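K.L.:
Below you'll find the structure I mean.
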Amino acid sequence: MEQFTEEHAKLLLNKEWLAKVDSGKAAPYLLKYHFSPSDLSCFIMVTDTKMVWTEVLNSKILARRWRACNPTSPEHFTKTGDEEAWRERSLELLSKAHTIGGIADLSFEVVDQNILSDLCLELECEAFKWRWEACFLGYRWSSEIISKHLIFPLISLNHLTFSSAEAIGEMPDTDVEKAVDKLGRTARRTIDTHVKNALSKPRVATAIRRMTPCSTSYQT
């Protein structure tokens with residue numbers, strides 16, 4: 001299994017969070033996915049907002065996993081070109097499923113852990129089945145990733161929502177994008193001041209205080 005690195009984490013910064021719920025456990029999970037058409041590899045990052053799990057798959061392991069999950073798939077092609085073309089099609093299907101529009105059509109289940117992973121996810125749609133066998137990154141790196149990929153963006157979005165003269169939901173998409181990009185540039189320049197300004201408004205502080213007791217009911 002390939003290691004998840006800082007470079008992988010950086011590539012995920014511009015990826016959307018995909019949300020799924022394990023209905024059996026009533027537990028929400030957030031996923032980020034990236035793929036590389038050049039070497040037919042892909043990787044995923046999963047969090048329950050407390051811990052982070054990842055898996056990195058090269059082309060060979062991707063093909064092996066696909067065939068294991070989908071027994072009707074063709075066996076390994078003798079011609080390299082044919083095998084590569086099949087892997088490209090499989091990766092394309094998998095990548096389309098891991099989008100905001102595609103993820104909604106997938107069933108999602110966290111299955112019993114095994115010796116190969118710390119978190120095993122099974123996904124299924126009409127076209128194929130898939131399984132992620134992700135490993136825990138450790139608490140320190142998990143907290144860093146959750147902070148960078150989730151907490152700070154939500155703090156900034158919260159600041160935009162409460163400081164905007166117009167309701168965000170009623171603004172044109174282009175105006176929202178411009179406002180987010182502008183706020184992002186400001187936040188990167190002076191992160192300390194940005195966080196202070198975002199959370200020190202009385203209305204924001206009160207809203208967070210009122211929401212905090214609600215969040216304590218979330219257990220995984």
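FYI, nothing fancy with the structure tokens labels: chains A, B, ... in order, residues from 1 per chain, ligands from 1 as they appear.
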Run DSSP on the backbone of this structure and report the residues of region 4-200 of chain A it assigns to alpha helix (DSSP H), as a PyMOL selection string.

P.N.:
chain A and resi 6-11+59-69+80-97+100-103+139-146+152-163+173-189+191-199

K.L.:
Neighbouring residues of Ala85 (chain A) were defined as those with any atom within 12 Å, considering only C-alpha atoms; residues of the same chain fewer than 4 positions away were excluded. Please report them as a count of residues only.

P.N.:
13

K.L.:
I'd like to know which of A:Ser143, A:Ser107, A:Thr99, A:Thr212 is closest to Lys15 (chain A), using only C-alpha atoms.

P.N.:
A:Thr99

K.L.:
Determine the nearest neighbour of Val195 (chain A) from the options A:Leu154, A:Arg67, A:Met45, A:Val180, counting only C-alpha atoms.

P.N.:
A:Leu154

K.L.:
Could you jot down the CA of His194 (chain A) to CA of Ile208 (chain A) separation for me, Å, one decimal place?

P.N.:
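Going from CA of His194 (chain A) over to CA of Ile208 (chain A) covers 17.0 Å.
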
K.L.:
From the set A:Pro172, A:Ala27, A:Lys50, A:His34, which residue has the shortest atom-to-atom contact distance to Ile146 (chain A), counting only C-alpha atoms?

P.N.:
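Looking only at the distances to Ile146 (chain A), the closest residue turns out to be A:Lys50.
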
K.L.:
Looking at only C-alpha atoms, which of A:Lys148, A:Val46, A:Leu57, A:Lys25 is the one that sits closest to Asp112 (chain A)?

P.N.:
A:Lys25

K.L.:
Which value, in Å to one decimal, gives the distance between CA of Thr47 (chain A) and CA of Ser142 (chain A)?

P.N.:
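Separation between CA of Thr47 (chain A) and CA of Ser142 (chain A): 8.5 Å.
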
K.L.:
Could you pull out the strand (DSSP E) residues of region 3-111 of chain A from DSSP and send them as JSON, numbers by chain?

P.N.:
{"A": [18, 19, 20, 21, 22, 27, 28, 29, 30, 31, 32, 33, 34, 35, 36, 41, 42, 43, 44, 45, 46, 47, 52, 53, 54, 55, 56, 57, 107, 108, 109, 110, 111]}

K.L.:
Counting only C-alpha atoms, figure out which residue out of A:Glu88, A:Glu177, A:Asp82, A:Glu109 gets nearest to Leu160 (chain A).

P.N.:
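Among the listed residues, A:Glu177 lies closest to Leu160 (chain A).
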
K.L.:
Can you work out which one of A:Ile155, A:Leu116, A:Ile103, A:Val110 has the shortest atom-to-atom distance to Ala187 (chain A), counting only C-alpha atoms?

P.N.:
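The answer is A:Ile155, which sits nearest to Ala187 (chain A).
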
K.L.:
Distance CA of Ala198 (chain A)-CA of His159 (chain A), one decimal place?

P.N.:
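Atom-to-atom, CA of Ala198 (chain A) and CA of His159 (chain A) are spaced 4.8 Å apart.
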